[in-house]
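Contents: one structure, followed by commentary.
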Amino acid sequence: MNVETVPTNSLAEITVDLAAITSNVQQLSATVGPDVAMMSIVKADGYGHGMLESARAARDGGADWLGVATLDEALELRRRGDSGPILCWLNPPDADFAPAISAGIDVTASGVWQLEQIATVSEAVNTRARVQLKVDTGLSRNGAPESEWPALFAAAAALHERGTIEVTGIWSHLACADQPEHPVNDQQESAFRRACELAAGAGLSNLIRHLANSAAALWRPSSRFDLVRCGISTYGLSPDPETQTTAALGLTPAMTVSSVVINAKDLPAGAGISYGHTFVAERDLHVALIPMGYGDGIPRHASNRAQVLINGERALVRGRICMDQFVVETPTARIGDRVTILGPGTRGEPTADEWAHWCDTINYEIVTRIGGRAQRQIRSQAQEGS
Ligand SMILES: *Cc1c(COP(=O)(O)O)cnc(C)c1O
């Protein structure tokens with residue numbers, strides 16, 4: 001099926017501006033400078049923007065690498081024609097590494113046990129796996145703890161020496177990058193430097209060293225090493241709008257979510273709205289029904305809090321957001337009027353940052369979870385109108 005086809009009965013659209021993604025990658029590359037490689041992170045369906053299209057737009061902007069979480073995401077990129085460097089890092093315990101190794105994808109080993117798994121498959125498929133070593137420097141998620149670094153590096157160096165695998169990189173991930181002054185960043189950077197020195201001492205040379213996500217890439221130059229892994233910023237959102245806004249960063253949000261008013265009516269004072277009547281009209285009012293709900297990624301937490309844009313005016317969500325629909329108060333809306341749920345904010349519409357605020361979460365979660373039945377429209381260049 002052509003992904004750009006929009007069924008005529010579509011109730012909501014997610015419009016993705018690929019030119020924005022391309023220019024964001026260029027902007028981020030300019031920020032980190034020519035000596036630092038750019039990995040654009042396109043996991044989780046490109047943070048809700050479409051993995052394949054986002055990947056192509058990022059490559060157009062000069063992304064040297066693509067990063068994804070899973071083996072399947074990486075393989076999908078390869079199958080759909082991306083022939084450049086790709087890294088993935090989240091493997092099931094019984095992972096089948098063979099297809100990824102054969103496809104020349106960089107896989108990640110978070111311990112000696114995983115390195116041995118990868119090496120066994122390398123021998124079986126008679127292909128030198130490209131392997132990056134993940135070290136835990138303080139996030140306490142994946143990666144080898146410091147006590148295991150000597151064993152990991154010794155094993156990796158031996159397998160590399162023997163030609164079974166090619167160790168291409170060493171990396172880690174920060175816990176507090178969105179608070180650039182947090183002392184944990186210094187501790188993790190020091191730990192990462194220790195790991196890199198230890199790896200070099202074990203005979204692993206020319207490794208690509210990387211630690212920084214978007215926040216660190218933007219706000220902690222000391223964390224950039226050889227490559228930065230930019231996710232949220234690729235899509236034009238700030239990793240922490242309180243530290244620096246999207247506009248101040250020179251980024252352009254790539255996603256716009258829009259829908260249509262499918263019913264509109266006057267309600268008398270005293271009318272309760274939506275499940276549980278958590279909103280009761282204190283006076284006569286006019287409302288509109290929007291056909292999106294938590295089944296499409298509109299968070300229920302935004303009940304009675306969020307806003308949308310209709311006819312150039314903000315309209316407030318009244319009552320609970322349901323699975324498929326929600327009600328907003330609006331003096332003017334008529335059936336058929338277009339509704340902007342979120343977007344770059346340039347026409348007065350709410351931004352992903354505002355939705356995040358209304359829902360006590362982060363912009364990452366807002367854009368990544370939008371979807372459900374909404375049809376995605378991919379635009380290769382900015383177009384007028386919604
Ligand atoms: C998702 C992810 C990133 C990207 O983080 P952003 O904050 O979106 O830039 C980088 N590295 C790893 C390991 C990740 O899982």
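Naming works like this for the structure tokens: A, B, ... for the chains as they're shown, residue 1 at the start of each chain, ligands 1 onward in shown order.
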
Which polymer residues have any atom within 8 Å of an atom of Thr252 (chain A), counting only C-alpha atoms, with same-chain residues fewer than 6 positions away left out, as a list of chain:residue names?
A:Ala20, A:Ile21, A:Ser23, A:Asn24, A:Tyr235, A:Gly236, A:Leu237, A:Thr246, A:Pro344

Polymer residues at most 10 Å from Val131 (chain A), only C-alpha atoms, same-chain spacing of 3 or more positions, as a ChimeraX atom specification
/A:87-88,101,104-109,115,118-119,128,134,156,160,165-170

Saved selection, atoms kept: C-alpha atoms, as an mmCIF file, in the first residue's frame:
data_model
loop_
_atom_site.group_PDB
_atom_site.id
_atom_site.type_symbol
_atom_site.label_atom_id
_atom_site.label_comp_id
_atom_site.auth_asym_id
_atom_site.auth_seq_id
_atom_site.Cartn_x
_atom_site.Cartn_y
_atom_site.Cartn_z
ATOM 1 C CA LEU A 87 23.538 0.848 14.894
ATOM 2 C CA CYS A 88 21.032 -1.031 17.076
ATOM 3 C CA ILE A 101 25.352 -9.468 10.807
ATOM 4 C CA GLY A 104 26.392 -5.279 7.858
ATOM 5 C CA ILE A 105 24.470 -3.673 10.700
ATOM 6 C CA ASP A 106 26.435 -2.655 13.800
ATOM 7 C CA VAL A 107 25.091 -4.605 16.753
ATOM 8 C CA THR A 108 25.727 -3.836 20.403
ATOM 9 C CA ALA A 109 27.154 -6.136 23.064
ATOM 10 C CA LEU A 115 29.643 -10.766 22.767
ATOM 11 C CA ILE A 118 27.403 -12.563 18.496
ATOM 12 C CA ALA A 119 30.761 -14.234 17.870
ATOM 13 C CA ARG A 128 32.696 -10.675 10.547
ATOM 14 C CA LYS A 134 28.173 -0.745 25.485
ATOM 15 C CA ALA A 156 36.433 -8.292 22.393
ATOM 16 C CA HIS A 160 38.761 -8.904 16.892
ATOM 17 C CA ILE A 165 34.252 -9.903 14.744
ATOM 18 C CA GLU A 166 35.167 -6.302 14.024
ATOM 19 C CA VAL A 167 34.889 -4.089 17.077
ATOM 20 C CA THR A 168 33.831 -0.738 15.651
ATOM 21 C CA GLY A 169 32.787 1.360 18.621
ATOM 22 C CA ILE A 170 32.358 1.908 22.334
#

If we count only C-alpha atoms, what is near Glu282 (chain A) at a cut-off of 9 Å, once residues fewer than 5 positions away on the same chain are taken out, given as a ChimeraX atom specification?
/A:268-271

Would you give me, as CSV, each residue of chain A having an atom within 7 Å of an atom of ligand 1, along with its shortest atom pair and that distance in Å to one decimal, using only C-alpha atoms and all ligand atoms and sorting by chain and residue number?
residue,atom,partner,partner_atom_place_in_ligand_line,distance
A:Ile41,CA,ligand 1,4 (C),5.8
A:Ala69,CA,ligand 1,15 (O),6.4
A:His173,CA,ligand 1,13 (C),5.6
A:Ala212,CA,ligand 1,10 (C),6.9
A:Asn213,CA,ligand 1,9 (O),4.1
A:Ser214,CA,ligand 1,9 (O),3.5
A:Ala215,CA,ligand 1,7 (O),6.1
A:Arg229,CA,ligand 1,10 (C),4.8
A:Cys230,CA,ligand 1,9 (O),4.0
A:Gly231,CA,ligand 1,8 (O),3.4
A:Ile232,CA,ligand 1,8 (O),3.8
A:Ser233,CA,ligand 1,9 (O),6.1
A:Pro239,CA,ligand 1,7 (O),5.9

Just the residues within 12 Å of Ser222 (chain A), please, counting only C-alpha atoms, with nothing from its chain fewer than 3 positions along; format it as number ranges by chain.
A: 32, 36, 177, 180, 185-186, 188-190, 192-193, 210-212, 216-219, 225-228

Given the choices A:Ile273, A:Leu204, A:Ile14, A:Cys176, which gets closest to Arg220 (chain A) if the distance is worked out from only C-alpha atoms?
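Nearest to Arg220 (chain A): A:Cys176.
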